[in-house]
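Asks: One file: work34.txt (compact mmCIF, C-alpha atoms).
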```
# COMPACT_ATOMS: atom_id res chain seq x y z
CA MET A 1 -13.73 -67.98 -51.26
CA THR A 2 -16.93 -69.93 -50.80
CA THR A 3 -17.06 -68.91 -47.15
CA ALA A 4 -16.36 -65.32 -48.09
CA ALA A 5 -19.17 -65.40 -50.60
CA LEU A 6 -21.55 -66.86 -48.05
CA LEU A 7 -20.53 -64.24 -45.52
CA ALA A 8 -21.05 -61.47 -48.04
CA ALA A 9 -24.45 -62.86 -48.92
CA LEU A 10 -25.38 -63.06 -45.24
CA VAL A 11 -24.37 -59.49 -44.60
CA GLY A 12 -26.11 -58.33 -47.73
CA ALA A 13 -29.30 -60.14 -46.82
CA LEU A 14 -29.30 -58.80 -43.27
CA TRP A 15 -28.25 -55.31 -44.16
CA GLN A 16 -30.89 -54.33 -46.71
CA GLY A 17 -29.41 -50.89 -46.79
CA PRO A 18 -31.23 -47.71 -47.72
CA ASP A 19 -30.45 -48.05 -51.40
CA ASP A 20 -33.26 -50.54 -51.85
CA GLY A 21 -35.72 -48.06 -50.49
CA ALA A 22 -36.55 -50.22 -47.50
CA GLY A 23 -36.26 -47.24 -45.21
CA GLN A 24 -38.55 -44.99 -47.16
CA PRO A 25 -42.10 -44.33 -46.00
CA GLY A 26 -44.40 -46.73 -47.77
CA ALA A 27 -41.49 -48.90 -48.82
CA VAL A 28 -41.86 -52.62 -49.18
CA ARG A 29 -39.20 -55.24 -49.66
CA PHE A 30 -39.08 -57.67 -52.56
CA ASP A 31 -39.73 -61.19 -51.34
CA PRO A 32 -39.20 -63.59 -54.25
CA ALA A 33 -40.52 -66.50 -52.18
CA ARG A 34 -44.04 -65.20 -52.71
CA PHE A 35 -43.88 -65.93 -56.43
CA ASP A 36 -42.97 -68.89 -58.57
CA SER A 37 -39.37 -68.79 -59.75
CA VAL A 38 -40.10 -67.71 -63.32
CA THR A 39 -42.38 -64.91 -62.19
CA ALA A 40 -39.91 -63.79 -59.52
CA VAL A 41 -37.10 -63.48 -62.05
CA ALA A 42 -39.26 -61.58 -64.52
CA LEU A 43 -40.59 -59.38 -61.74
CA ARG A 44 -37.09 -58.55 -60.59
CA GLY A 45 -36.30 -57.44 -64.13
CA VAL A 46 -39.30 -55.12 -64.19
CA LEU A 47 -38.41 -53.64 -60.81
CA ASP A 48 -34.79 -53.07 -61.83
CA SER A 49 -35.89 -51.40 -65.05
CA ALA A 50 -38.34 -49.16 -63.23
CA ALA A 51 -35.70 -48.19 -60.69
CA ALA A 52 -33.25 -47.42 -63.48
CA GLN A 53 -35.81 -44.99 -64.86
CA GLY A 54 -36.11 -43.32 -61.50
CA LEU A 55 -39.63 -44.62 -60.96
CA PRO A 56 -40.77 -45.84 -57.53
CA VAL A 57 -40.84 -49.61 -57.23
CA ALA A 58 -43.07 -49.82 -54.16
CA PRO A 59 -46.29 -49.34 -56.16
CA LEU A 60 -45.20 -52.12 -58.50
CA LEU A 61 -44.32 -54.44 -55.65
CA ASN A 62 -47.66 -53.74 -54.02
CA ARG A 63 -49.49 -54.74 -57.19
CA ALA A 64 -47.38 -57.89 -57.40
CA TYR A 65 -48.15 -58.80 -53.81
CA GLU A 66 -51.82 -58.09 -54.41
CA GLY A 67 -51.79 -60.47 -57.36
CA ALA A 68 -49.99 -63.14 -55.36
CA ALA A 69 -52.50 -62.78 -52.51
CA ARG A 70 -55.36 -63.14 -54.97
CA ARG A 71 -53.62 -66.19 -56.41
CA VAL A 72 -53.62 -65.00 -60.00
CA GLY A 73 -51.32 -66.64 -62.51
CA GLY A 74 -47.80 -65.40 -63.11
CA ALA A 75 -48.48 -64.20 -66.64
CA ARG A 76 -51.45 -62.12 -65.55
CA LEU A 77 -49.58 -60.79 -62.55
CA LEU A 78 -46.68 -59.68 -64.72
CA ALA A 79 -49.02 -58.09 -67.26
CA VAL A 80 -50.63 -55.98 -64.52
CA VAL A 81 -47.28 -54.95 -63.03
CA ARG A 82 -45.92 -54.03 -66.44
CA ALA A 83 -49.02 -51.99 -67.23
CA GLN A 84 -48.64 -50.17 -63.93
CA TRP A 85 -44.96 -49.56 -64.70
CA VAL A 86 -45.81 -47.95 -68.02
CA ALA A 87 -48.60 -45.94 -66.41
CA LEU A 88 -46.23 -44.70 -63.70
CA GLY A 89 -43.97 -43.27 -66.38
CA ASP A 90 -46.92 -41.62 -68.11
CA ALA A 91 -48.14 -40.25 -64.79
CA ARG A 92 -44.75 -38.72 -64.08
CA GLU A 93 -44.82 -37.08 -67.48
CA ALA A 94 -48.27 -35.65 -66.79
CA LEU A 95 -47.75 -34.63 -63.16
CA GLY A 96 -44.17 -33.45 -63.42
CA GLU A 97 -40.92 -34.45 -61.80
CA GLY A 98 -41.93 -33.04 -58.43
CA ALA A 99 -44.82 -35.46 -58.01
CA SER A 100 -44.77 -37.61 -54.88
CA VAL A 101 -44.80 -41.39 -54.94
CA ALA A 102 -48.42 -41.44 -53.80
CA GLU A 103 -49.35 -38.99 -56.55
CA LEU A 104 -47.59 -41.07 -59.18
CA ASP A 105 -49.32 -44.22 -57.99
CA ALA A 106 -52.71 -42.51 -57.92
CA GLY A 107 -52.04 -40.90 -61.28
CA ALA A 108 -51.03 -44.20 -62.84
CA THR A 109 -54.20 -45.80 -61.52
CA ALA A 110 -56.23 -42.93 -62.97
CA LEU A 111 -54.63 -43.38 -66.37
CA ARG A 112 -55.35 -47.10 -66.27
CA ALA A 113 -58.96 -46.25 -65.51
CA GLY A 114 -59.13 -44.50 -68.87
CA ILE A 115 -58.64 -40.94 -67.65
CA ASP A 116 -56.84 -38.66 -70.09
CA PRO A 117 -53.34 -37.44 -69.12
CA ARG A 118 -54.59 -33.89 -69.67
CA ALA A 119 -56.96 -34.40 -66.75
CA LEU A 120 -53.95 -35.18 -64.58
CA GLN A 121 -52.26 -32.04 -65.83
CA ALA A 122 -55.41 -30.09 -64.96
CA VAL A 123 -55.28 -31.49 -61.42
CA ARG A 124 -51.63 -30.52 -61.22
CA THR A 125 -52.46 -26.92 -62.01
CA THR A 126 -54.83 -26.80 -59.04
CA ARG A 127 -52.74 -28.61 -56.44
CA PRO A 128 -49.02 -28.18 -55.71
CA PRO A 129 -46.72 -31.19 -55.90
CA GLY A 130 -47.39 -33.62 -53.09
CA GLU A 131 -50.93 -32.39 -52.42
CA GLY A 132 -52.84 -33.84 -55.34
CA VAL A 133 -53.39 -37.38 -54.10
CA THR A 134 -56.93 -36.87 -52.87
CA ALA A 135 -57.96 -35.15 -56.08
CA LEU A 136 -56.56 -37.99 -58.16
CA VAL A 137 -58.17 -40.67 -56.02
CA VAL A 138 -61.55 -38.96 -56.14
CA LEU A 139 -61.27 -38.34 -59.88
CA THR A 140 -60.63 -42.03 -60.46
CA ASP A 141 -63.47 -43.06 -58.17
CA LEU A 142 -65.96 -40.77 -59.89
CA VAL A 143 -65.11 -42.15 -63.31
CA ARG A 144 -65.30 -45.68 -61.98
CA ARG A 145 -68.81 -44.98 -60.74
CA GLY A 146 -69.99 -43.85 -64.13
CA VAL A 147 -69.39 -40.10 -64.13
CA PRO A 148 -68.09 -39.00 -67.53
CA ALA A 149 -64.38 -38.26 -67.36
CA ALA A 150 -64.71 -34.64 -68.49
CA THR A 151 -67.47 -33.95 -65.97
CA ALA A 152 -65.44 -35.55 -63.21
CA ARG A 153 -62.34 -33.55 -64.17
CA ASP A 154 -64.25 -30.26 -64.13
CA ALA A 155 -65.79 -31.01 -60.74
CA VAL A 156 -62.52 -32.14 -59.17
CA THR A 157 -60.47 -29.23 -60.44
CA THR A 158 -63.16 -26.81 -59.27
CA LEU A 159 -63.23 -28.23 -55.75
CA ALA A 160 -59.45 -28.59 -55.64
CA ARG A 161 -59.09 -24.80 -55.75
CA LEU A 162 -61.22 -24.27 -52.65
CA PRO A 163 -59.89 -23.88 -49.12
CA GLY A 164 -60.23 -27.25 -47.40
CA ALA A 165 -60.22 -28.89 -50.80
CA ASP A 166 -59.50 -32.42 -49.61
CA GLU A 167 -62.54 -32.50 -47.33
CA ALA A 168 -64.71 -31.10 -50.10
CA LEU A 169 -63.39 -33.68 -52.54
CA LEU A 170 -64.02 -36.58 -50.18
CA GLY A 171 -67.49 -35.19 -49.53
CA LEU A 172 -68.15 -35.23 -53.25
CA GLN A 173 -66.92 -38.80 -53.45
CA GLY A 174 -69.26 -39.90 -50.69
CA VAL A 175 -72.28 -38.17 -52.20
CA VAL A 176 -71.65 -39.63 -55.64
CA ALA A 177 -70.99 -43.10 -54.22
CA ARG A 178 -74.29 -43.09 -52.35
CA GLY A 179 -76.13 -41.75 -55.38
CA ALA A 180 -74.61 -44.33 -57.70
CA ALA A 181 -75.42 -47.08 -55.20
CA ARG A 182 -79.10 -46.18 -55.45
CA ASN A 183 -79.07 -45.76 -59.21
CA PRO A 184 -76.10 -45.42 -61.56
CA ASP A 185 -77.91 -42.67 -63.42
CA MET A 186 -77.98 -40.59 -60.23
CA ALA A 187 -74.20 -40.25 -60.00
CA VAL A 188 -74.03 -37.18 -62.23
CA GLN A 189 -77.08 -35.60 -60.63
CA ALA A 190 -75.59 -36.08 -57.18
CA LEU A 191 -72.34 -34.54 -58.37
CA GLN A 192 -74.05 -31.47 -59.75
CA ARG A 193 -76.14 -30.96 -56.64
CA TYR A 194 -73.01 -31.19 -54.49
CA ILE A 195 -71.11 -28.71 -56.66
CA ARG A 196 -73.99 -26.23 -56.59
CA GLY A 197 -74.18 -26.47 -52.83
CA THR A 198 -70.44 -26.26 -52.20
CA VAL A 199 -68.86 -23.98 -54.75
CA PRO A 200 -69.46 -20.23 -54.53
CA ALA A 201 -70.95 -18.89 -57.73
CA THR A 202 -67.84 -16.88 -58.49
CA ARG A 203 -65.73 -20.04 -58.50
CA ALA A 204 -68.10 -22.23 -60.44
CA PRO A 205 -66.78 -23.33 -63.81
CA ALA A 206 -67.95 -21.48 -66.89
CA GLY A 207 -71.47 -22.53 -67.80
CA GLY A 208 -72.66 -22.72 -64.20
CA GLY A 209 -71.17 -26.09 -63.37
CA PRO A 210 -69.98 -29.30 -64.93
CA VAL A 211 -71.67 -29.98 -68.22
CA MET A 212 -74.33 -32.68 -68.13
CA ARG A 213 -73.20 -35.64 -70.14
CA PRO A 214 -74.84 -39.02 -70.33
CA PRO A 215 -73.29 -41.35 -67.75
CA THR A 216 -71.13 -44.07 -69.17
CA ARG A 217 -69.29 -46.92 -67.57
CA PRO A 218 -65.52 -46.91 -67.93
CA PRO A 219 -64.17 -49.42 -70.43
CA PRO A 220 -63.14 -52.77 -69.04
CA PRO A 221 -59.43 -52.95 -68.23
CA MET B 1 -27.29 -85.47 -70.92
CA SER B 2 -30.19 -85.98 -73.21
CA ASP B 3 -30.75 -83.88 -76.28
CA ASP B 4 -34.26 -83.33 -75.01
CA VAL B 5 -32.89 -80.69 -72.68
CA PHE B 6 -32.19 -78.32 -75.51
CA LEU B 7 -35.70 -77.24 -76.24
CA VAL B 8 -36.34 -74.48 -78.69
CA PRO B 9 -37.40 -71.21 -77.05
CA PRO B 10 -40.46 -69.37 -78.34
CA ALA B 11 -39.83 -67.80 -81.71
CA ASP B 12 -39.48 -64.04 -81.98
CA ASP B 13 -42.68 -63.90 -83.98
CA ALA B 14 -44.63 -65.51 -81.15
CA PRO B 15 -47.63 -63.56 -79.84
CA GLU B 16 -46.83 -60.46 -77.81
CA GLY B 17 -47.75 -59.68 -74.23
CA ALA B 18 -49.29 -62.20 -71.90
CA ALA B 19 -49.35 -64.96 -74.51
CA ARG B 20 -45.61 -64.65 -75.06
CA GLU B 21 -45.00 -64.59 -71.31
CA ALA B 22 -46.99 -67.77 -70.96
CA ALA B 23 -45.10 -69.40 -73.81
CA LEU B 24 -41.77 -68.42 -72.28
CA ALA B 25 -42.79 -69.71 -68.86
CA ALA B 26 -43.92 -72.99 -70.40
CA TRP B 27 -40.62 -73.29 -72.25
CA VAL B 28 -38.59 -72.76 -69.07
CA ALA B 29 -40.72 -75.26 -67.16
CA ALA B 30 -40.31 -77.81 -69.95
CA ALA B 31 -36.57 -77.27 -69.98
CA TYR B 32 -36.39 -77.98 -66.25
CA ALA B 33 -38.55 -81.04 -66.64
CA ALA B 34 -36.36 -82.37 -69.42
CA VAL B 35 -33.23 -82.48 -67.28
CA PRO B 36 -32.60 -86.17 -66.60
CA VAL B 37 -32.73 -87.31 -62.98
CA PRO B 38 -29.25 -88.54 -61.90
CA SER B 39 -28.88 -92.02 -60.54
CA ASP B 40 -28.26 -92.50 -56.79
CA GLU B 41 -24.71 -93.60 -57.53
CA ALA B 42 -23.97 -90.50 -59.58
CA ALA B 43 -25.46 -88.23 -56.94
CA ARG B 44 -23.37 -89.90 -54.21
CA ALA B 45 -20.19 -89.60 -56.28
CA CYS B 46 -20.89 -85.92 -56.87
CA ALA B 47 -21.47 -85.30 -53.17
CA ASP B 48 -18.28 -87.14 -52.27
CA ALA B 49 -16.29 -85.08 -54.75
CA VAL B 50 -17.65 -81.81 -53.35
CA TRP B 51 -16.89 -82.94 -49.78
CA ALA B 52 -13.35 -83.98 -50.69
CA ARG B 53 -12.72 -80.68 -52.42
CA GLY B 54 -13.94 -78.78 -49.40
CA GLN B 55 -11.70 -80.78 -47.10
CA ALA B 56 -8.70 -80.12 -49.32
CA ALA B 57 -9.42 -76.40 -49.43
CA GLY B 58 -9.62 -76.26 -45.63
CA ARG B 59 -6.12 -77.69 -45.25
CA VAL B 60 -4.47 -75.28 -47.65
CA GLY B 61 -1.65 -73.34 -46.03
CA ASP B 62 -0.94 -75.47 -42.96
CA PRO B 63 -0.99 -79.25 -43.11
CA ALA B 64 -0.44 -79.41 -39.35
CA GLY B 65 -3.83 -78.02 -38.60
CA GLY B 66 -2.88 -74.71 -36.93
CA GLY B 67 -3.67 -72.84 -40.12
CA ARG B 68 -7.12 -74.40 -40.19
CA TRP B 69 -7.80 -73.18 -36.68
CA ARG B 70 -6.66 -69.68 -37.51
CA HIS B 71 -8.72 -69.85 -40.69
CA ARG B 72 -11.86 -70.67 -38.73
CA TRP B 73 -11.09 -68.04 -36.10
CA TRP B 74 -10.69 -65.44 -38.80
CA TRP B 75 -14.01 -66.24 -40.42
CA GLY B 76 -15.76 -66.50 -37.09
CA GLY B 77 -14.44 -63.11 -36.09
CA ALA B 78 -15.44 -61.64 -39.42
CA ALA B 79 -18.95 -63.06 -39.06
CA ALA B 80 -19.26 -61.67 -35.55
CA ALA B 81 -18.05 -58.27 -36.69
CA ALA B 82 -20.50 -58.30 -39.59
CA LEU B 83 -23.39 -59.19 -37.32
CA PHE B 84 -22.36 -56.47 -34.88
CA LEU B 85 -22.23 -53.98 -37.73
CA VAL B 86 -25.67 -55.00 -38.96
CA VAL B 87 -27.38 -55.10 -35.57
CA VAL B 88 -25.88 -51.89 -34.23
CA THR B 89 -25.93 -49.64 -37.27
CA ARG B 90 -28.93 -50.88 -39.23
CA PRO B 91 -31.62 -49.20 -37.11
CA ALA B 92 -29.79 -45.89 -37.21
CA VAL B 93 -29.45 -46.05 -40.98
CA ARG B 94 -33.12 -46.87 -41.42
CA GLN B 95 -34.39 -44.09 -39.22
CA GLY B 96 -32.06 -41.62 -40.76
CA ALA B 97 -33.07 -42.59 -44.26
CA SER B 98 -36.78 -42.71 -43.73
CA GLY B 99 -37.75 -39.83 -41.57
CA GLY B 100 -41.09 -41.56 -41.32
CA GLY B 101 -42.86 -44.85 -40.90
CA THR B 102 -42.43 -48.05 -42.78
CA VAL B 103 -45.45 -49.68 -44.27
CA ALA B 104 -44.83 -53.32 -43.78
CA PRO B 105 -45.96 -56.20 -41.64
CA GLY B 106 -45.12 -55.17 -38.12
CA ALA B 107 -45.02 -51.48 -38.92
CA THR B 108 -43.89 -49.55 -35.88
CA PRO B 109 -46.45 -47.17 -34.37
CA GLY B 110 -44.91 -43.99 -33.14
CA LEU B 111 -42.61 -43.36 -36.07
CA ALA B 112 -42.99 -39.89 -37.45
CA GLY B 113 -46.10 -39.57 -39.57
CA VAL B 114 -47.58 -42.97 -38.79
CA GLN B 115 -51.20 -42.64 -37.80
CA GLN B 116 -53.49 -45.11 -36.11
CA THR B 117 -56.26 -45.45 -38.67
CA ARG B 118 -59.55 -47.21 -38.11
CA ILE B 119 -60.68 -49.39 -40.99
CA ALA B 120 -64.22 -50.71 -40.86
CA VAL B 121 -66.67 -52.46 -43.12
CA THR B 122 -70.23 -53.65 -42.78
CA LEU B 123 -70.92 -57.10 -44.14
CA PRO B 124 -73.92 -59.38 -44.23
CA VAL B 125 -74.29 -61.06 -40.87
CA GLY B 126 -72.76 -64.52 -40.84
CA ALA B 127 -69.10 -63.88 -41.61
CA ARG B 128 -66.81 -65.84 -39.32
CA THR B 129 -63.49 -64.09 -39.97
CA VAL B 130 -62.68 -60.83 -41.73
CA THR B 131 -59.18 -59.61 -42.51
CA VAL B 132 -58.00 -56.49 -44.27
CA VAL B 133 -55.18 -56.77 -46.78
CA GLY B 134 -53.41 -53.95 -48.49
CA ASP B 135 -50.27 -52.07 -49.32
CA PHE B 136 -49.69 -51.51 -45.60
CA ASN B 137 -49.33 -55.18 -44.68
CA GLY B 138 -47.84 -56.63 -47.81
CA TRP B 139 -51.20 -58.09 -48.86
CA ASP B 140 -50.81 -60.76 -46.22
CA THR B 141 -54.24 -62.29 -45.76
CA GLY B 142 -53.42 -63.34 -42.22
CA ALA B 143 -51.76 -60.19 -40.95
CA THR B 144 -54.61 -57.89 -39.90
CA ARG B 145 -57.81 -59.33 -38.48
CA LEU B 146 -60.91 -57.23 -37.95
CA SER B 147 -63.05 -57.61 -34.86
CA PRO B 148 -66.84 -57.62 -34.88
CA VAL B 149 -68.44 -54.43 -33.59
CA GLY B 150 -71.96 -54.87 -32.28
CA ASP B 151 -74.29 -57.31 -33.94
CA HIS B 152 -75.11 -55.48 -37.15
CA GLY B 153 -72.34 -56.93 -39.27
CA GLU B 154 -69.75 -54.23 -38.69
CA TRP B 155 -66.12 -55.26 -38.47
CA ALA B 156 -63.26 -52.92 -37.61
CA ALA B 157 -59.55 -52.75 -36.86
CA THR B 158 -57.12 -49.98 -36.06
CA VAL B 159 -54.04 -50.10 -38.24
CA PRO B 160 -50.86 -48.01 -38.05
CA LEU B 161 -50.52 -46.39 -41.45
CA ALA B 162 -47.75 -44.29 -42.89
CA PRO B 163 -48.77 -41.13 -44.73
CA GLY B 164 -49.72 -41.63 -48.35
CA ARG B 165 -52.19 -43.58 -50.40
CA HIS B 166 -52.99 -47.18 -49.54
CA VAL B 167 -54.92 -49.69 -51.62
CA TYR B 168 -56.75 -52.36 -49.64
CA ALA B 169 -59.53 -54.92 -49.68
CA PHE B 170 -61.27 -57.26 -47.27
CA VAL B 171 -61.13 -61.05 -47.20
CA VAL B 172 -64.12 -62.79 -45.66
CA ASP B 173 -63.70 -66.27 -44.24
CA GLY B 174 -60.35 -66.53 -45.97
CA VAL B 175 -61.76 -66.90 -49.44
CA GLU B 176 -64.16 -64.14 -50.44
CA TRP B 177 -62.67 -60.80 -51.47
CA ARG B 178 -64.86 -57.77 -50.78
CA VAL B 179 -64.61 -54.00 -51.05
CA ASP B 180 -66.36 -51.24 -49.18
CA PRO B 181 -68.92 -50.10 -51.76
CA LEU B 182 -69.01 -46.51 -50.55
CA ALA B 183 -65.30 -45.87 -49.97
CA PRO B 184 -63.09 -44.60 -52.80
CA GLN B 185 -62.38 -47.42 -55.19
CA VAL B 186 -59.62 -48.12 -57.65
CA PRO B 187 -60.45 -49.80 -60.92
CA ASP B 188 -60.23 -53.49 -61.45
CA ALA B 189 -56.58 -53.51 -62.46
CA GLY B 190 -56.65 -57.06 -63.70
CA PHE B 191 -57.01 -58.58 -60.26
CA GLY B 192 -60.35 -57.33 -58.96
CA PRO B 193 -61.67 -54.17 -57.35
CA ALA B 194 -60.09 -52.61 -54.29
CA ASN B 195 -60.48 -49.56 -52.09
CA ALA B 196 -58.09 -46.68 -51.60
CA LEU B 197 -57.52 -44.49 -48.57
CA ILE B 198 -55.30 -41.52 -47.98
CA VAL B 199 -53.34 -40.73 -44.85
CA ASP B 200 -52.45 -37.05 -44.65
CA GLY B 201 -48.89 -35.83 -44.63
CA GLY B 202 -47.66 -38.21 -47.26
CA PRO B 203 -44.50 -37.89 -49.29
```
Can you give me the file's structure in the form of structure tokens?

Replies:
Amino acid sequence: MTTAALLAALVGALWQGPDDGAGQPGAVRFDPARFDSVTAVALRGVLDSAAAQGLPVAPLLNRAYEGAARRVGGARLLAVVRAQWVALGDAREALGEGASVAELDAGATALRAGIDPRALQAVRTTRPPGEGVTALVVLTDLVRRGVPAATARDAVTTLARLPGADEALLGLQGVVARGAARNPDMAVQALQRYIRGTVPATRAPAGGGPVMRPPTRPPPP
Amino acid sequence: MSDDVFLVPPADDAPEGAAREAALAAWVAAAYAAVPVPSDEAARACADAVWARGQAAGRVGDPAGGGRWRHRWWWGGAAAAALFLVVVTRPAVRQGASGGGTVAPGATPGLAGVQQTRIAVTLPVGARTVTVVGDFNGWDTGATRLSPVGDHGEWAATVPLAPGRHVYAFVVDGVEWRVDPLAPQVPDAGFGPANALIVDGGP
């Protein structure tokens, strides 16, 4: 029976069938050798739990690999992966069951950046399932650069309704990034200038554009 | 076996979160450390016993030896069949299941949806090596090297990327982690800042 067990293990290791998601786009395979044994076991538990909930495990594995590459301790690595796991569930609740893996990952990152779940729901109303990734990434980036979350949400949802929304959103991100690089206080001004120059007056949000709010840095994670 | 092995695990009222994880990890490590090292004689006796048991199991069924040969033939044939099954059918299963590219070290260009994407960064002149690490290469710091472009500190590489969102960062000289300050960034999620890029057509 020992030989049979070894043979089964060999076949199982070589097969890596589709059930583990290895064949899915963006899929990654769990490699326990990249972690210490205690962390690997705990990580496996998190991944199994996430999979049992129907959540994608690739975003969690990617965070784990990132932590291993940065040589952070096992406890900190697990804390980050667990936080991302919880955020993935919250993102699915906010974005709906039809959200893509990339949307869930981007949404979870947005939530961990301190963005309100209602902002994710607002993005969902402007972009159909599978097409909201750019909006979520830009929303997170704007908040990270000091744009108040409500101002960023209004700007992103306004641009997301335009034809060619993704290009417009990435243009906004670039303008705000360059403005914030010169002076953090210029991030909001750059955003408002971009909105005024991009959005037709009939599509501008009520009040003539995003409301001016004092720029604030997002809270530390 | 020494009583020292039976260490007391962290109490239920121990601190939550990372502190409890650390306490649990320390407890497991201590438990391993407390296992007494066997003497050479004991280890040899154990190995001999395992070997003898294996020999006895191999002779079961046919003391003359013919059964052993058939036994080995059977397992050899089974192993060959299993390998054939894996080698022949595995690629078909993967392509059928994915319908797109696989983001992994050695990702295959040409799979549906995979796009050759140029990743570049400008760094202060003086860097000797620059690599890009991210979701697309398993965060392997040696997988994707950038090449210098011109003499103004620009480094670039073309990477096959599957559709979707990819988080990445740059590693300079193998030790210093950097991000592109103007590209979309994701928050410091407990590790450090990183960039994000989107490849159209994602799932």

Asks: Atom CA of Ala34 of chain B and atom CA of Arg20 of chain B are how many Å apart?

Replies: 20.8 Å

Asks: Which residue gives the smallest distance to chain B among A:Gly67, A:Gly107, A:Pro117, A:Gly98, with all atoms listed in the file counted?

Replies: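 Under the stated criterion, the closest residue is A:Gly67.
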
Asks: Using only C-alpha atoms, what residues lie at most 10 Å away from (-51.0, -37.3, -44.8) (file coordinates), given as a list in words?

Replies: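 Selection result: Gly130, Glu131 and Val133 of chain A; Gly113, Val114, Gln115, Leu161, Ala162, Pro163, Gly164, Arg165, Ile198, Val199, Asp200, Gly201, Gly202 and Pro203 of chain B.
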
Asks: Quick one: pull the distance between atom CA of Val28 of chain A and atom CA of Trp85 of chain A, Å, one decimal.

Replies: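 Interatomic distance here is 16.1 Å.
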
Asks: Out of A:Arg127, A:Arg44, A:Arg92, A:Arg34, which residue has the shortest atom-to-atom distance to chain B when counting all atoms listed in the file?

Replies: A:Arg34

Asks: Have a look at A:Ala187, A:Leu162, A:Leu78, A:Ala69 and name the one nearest to Val175 of chain B; count only C-alpha atoms.

Replies: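 Closest to Val175 of chain B, using only C-alpha atoms: A:Ala69.
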
Asks: Near Arg178 of chain B, within 10 Å and counting only C-alpha atoms, which residues show up once chain neighbours fewer than 2 positions away are dropped, as a ChimeraX atom specification?

Replies: /B:121,123,130,132,168-172,175-176,180-181,192-195

Asks: When you draw a straight line from atom CA of Ala135 of chain A to atom CA of Ala160 of chain A, how long is it in Å?

Replies: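 Separation of atom CA of Ala135 of chain A and atom CA of Ala160 of chain A: 6.7 Å.
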
Asks: Between B:Thr122, B:Thr141, B:Ser147, B:Gln116, which is the closest to chain A once you count all atoms listed in the file?

Replies: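 Distance minimum relative to chain A lands on B:Thr141.
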
Asks: Point out the residue among B:Arg118, B:Gly153, B:Gly77, B:Asp48 with the least atom-to-atom distance to chain A, counting all atoms listed in the file.

Replies: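 Distance minimum relative to chain A lands on B:Gly77.
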
Asks: Could you check which of B:Asp135, B:Ala156, B:Arg44, B:Gly174 is closest to Asp105 of chain A, using only C-alpha atoms?

Replies: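 Answer, going by the shortest atom-to-atom distance: B:Asp135.
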
Asks: Using all atoms listed in the file, give me every residue within 7 Å of (-73.0, -42.4, -61.7) in file coordinates, as a list in words.

Replies: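 Checked against the point, the hits come out as Arg145, Gly146, Val147, Val176, Ala180, Pro184, Asp185, Met186, Ala187, Val188 and Pro215 of chain A.
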
Asks: If I only have part of segment 170-181 of chain B, can you fill in N, CA and C atoms and write it as a PDB file, in the coordinates of the input?

Replies:
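Wrote selection.pdb, looks like this:
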```pdb
ATOM      1  N   PHE B 170     -60.926 -56.399 -48.393  1.00  0.00           N
ATOM      2  CA  PHE B 170     -61.270 -57.260 -47.270  1.00  0.00           C
ATOM      3  C   PHE B 170     -61.388 -58.707 -47.757  1.00  0.00           C
ATOM      4  N   VAL B 171     -61.005 -59.629 -46.893  1.00  0.00           N
ATOM      5  CA  VAL B 171     -61.130 -61.050 -47.200  1.00  0.00           C
ATOM      6  C   VAL B 171     -62.028 -61.674 -46.135  1.00  0.00           C
ATOM      7  N   VAL B 172     -63.128 -62.218 -46.576  1.00  0.00           N
ATOM      8  CA  VAL B 172     -64.120 -62.790 -45.660  1.00  0.00           C
ATOM      9  C   VAL B 172     -63.962 -64.300 -45.645  1.00  0.00           C
ATOM     10  N   ASP B 173     -63.827 -64.828 -44.448  1.00  0.00           N
ATOM     11  CA  ASP B 173     -63.700 -66.270 -44.240  1.00  0.00           C
ATOM     12  C   ASP B 173     -62.544 -66.866 -45.051  1.00  0.00           C
ATOM     13  N   GLY B 174     -61.551 -66.040 -45.311  1.00  0.00           N
ATOM     14  CA  GLY B 174     -60.350 -66.530 -45.970  1.00  0.00           C
ATOM     15  C   GLY B 174     -60.449 -66.764 -47.453  1.00  0.00           C
ATOM     16  N   VAL B 175     -61.613 -66.564 -48.033  1.00  0.00           N
ATOM     17  CA  VAL B 175     -61.760 -66.900 -49.440  1.00  0.00           C
ATOM     18  C   VAL B 175     -62.440 -65.808 -50.267  1.00  0.00           C
ATOM     19  N   GLU B 176     -63.342 -65.079 -49.661  1.00  0.00           N
ATOM     20  CA  GLU B 176     -64.160 -64.140 -50.440  1.00  0.00           C
ATOM     21  C   GLU B 176     -63.591 -62.725 -50.319  1.00  0.00           C
ATOM     22  N   TRP B 177     -63.227 -62.149 -51.453  1.00  0.00           N
ATOM     23  CA  TRP B 177     -62.670 -60.800 -51.470  1.00  0.00           C
ATOM     24  C   TRP B 177     -63.804 -59.800 -51.621  1.00  0.00           C
ATOM     25  N   ARG B 178     -63.802 -58.781 -50.758  1.00  0.00           N
ATOM     26  CA  ARG B 178     -64.860 -57.770 -50.780  1.00  0.00           C
ATOM     27  C   ARG B 178     -64.247 -56.377 -50.732  1.00  0.00           C
ATOM     28  N   VAL B 179     -65.024 -55.393 -51.200  1.00  0.00           N
ATOM     29  CA  VAL B 179     -64.610 -54.000 -51.050  1.00  0.00           C
ATOM     30  C   VAL B 179     -65.738 -53.252 -50.353  1.00  0.00           C
ATOM     31  N   ASP B 180     -65.364 -52.134 -49.760  1.00  0.00           N
ATOM     32  CA  ASP B 180     -66.360 -51.240 -49.180  1.00  0.00           C
ATOM     33  C   ASP B 180     -67.004 -50.492 -50.342  1.00  0.00           C
ATOM     34  N   PRO B 181     -68.316 -50.673 -50.551  1.00  0.00           N
ATOM     35  CA  PRO B 181     -68.920 -50.100 -51.760  1.00  0.00           C
ATOM     36  C   PRO B 181     -68.963 -48.573 -51.764  1.00  0.00           C
TER      37      PRO B 181
END
```
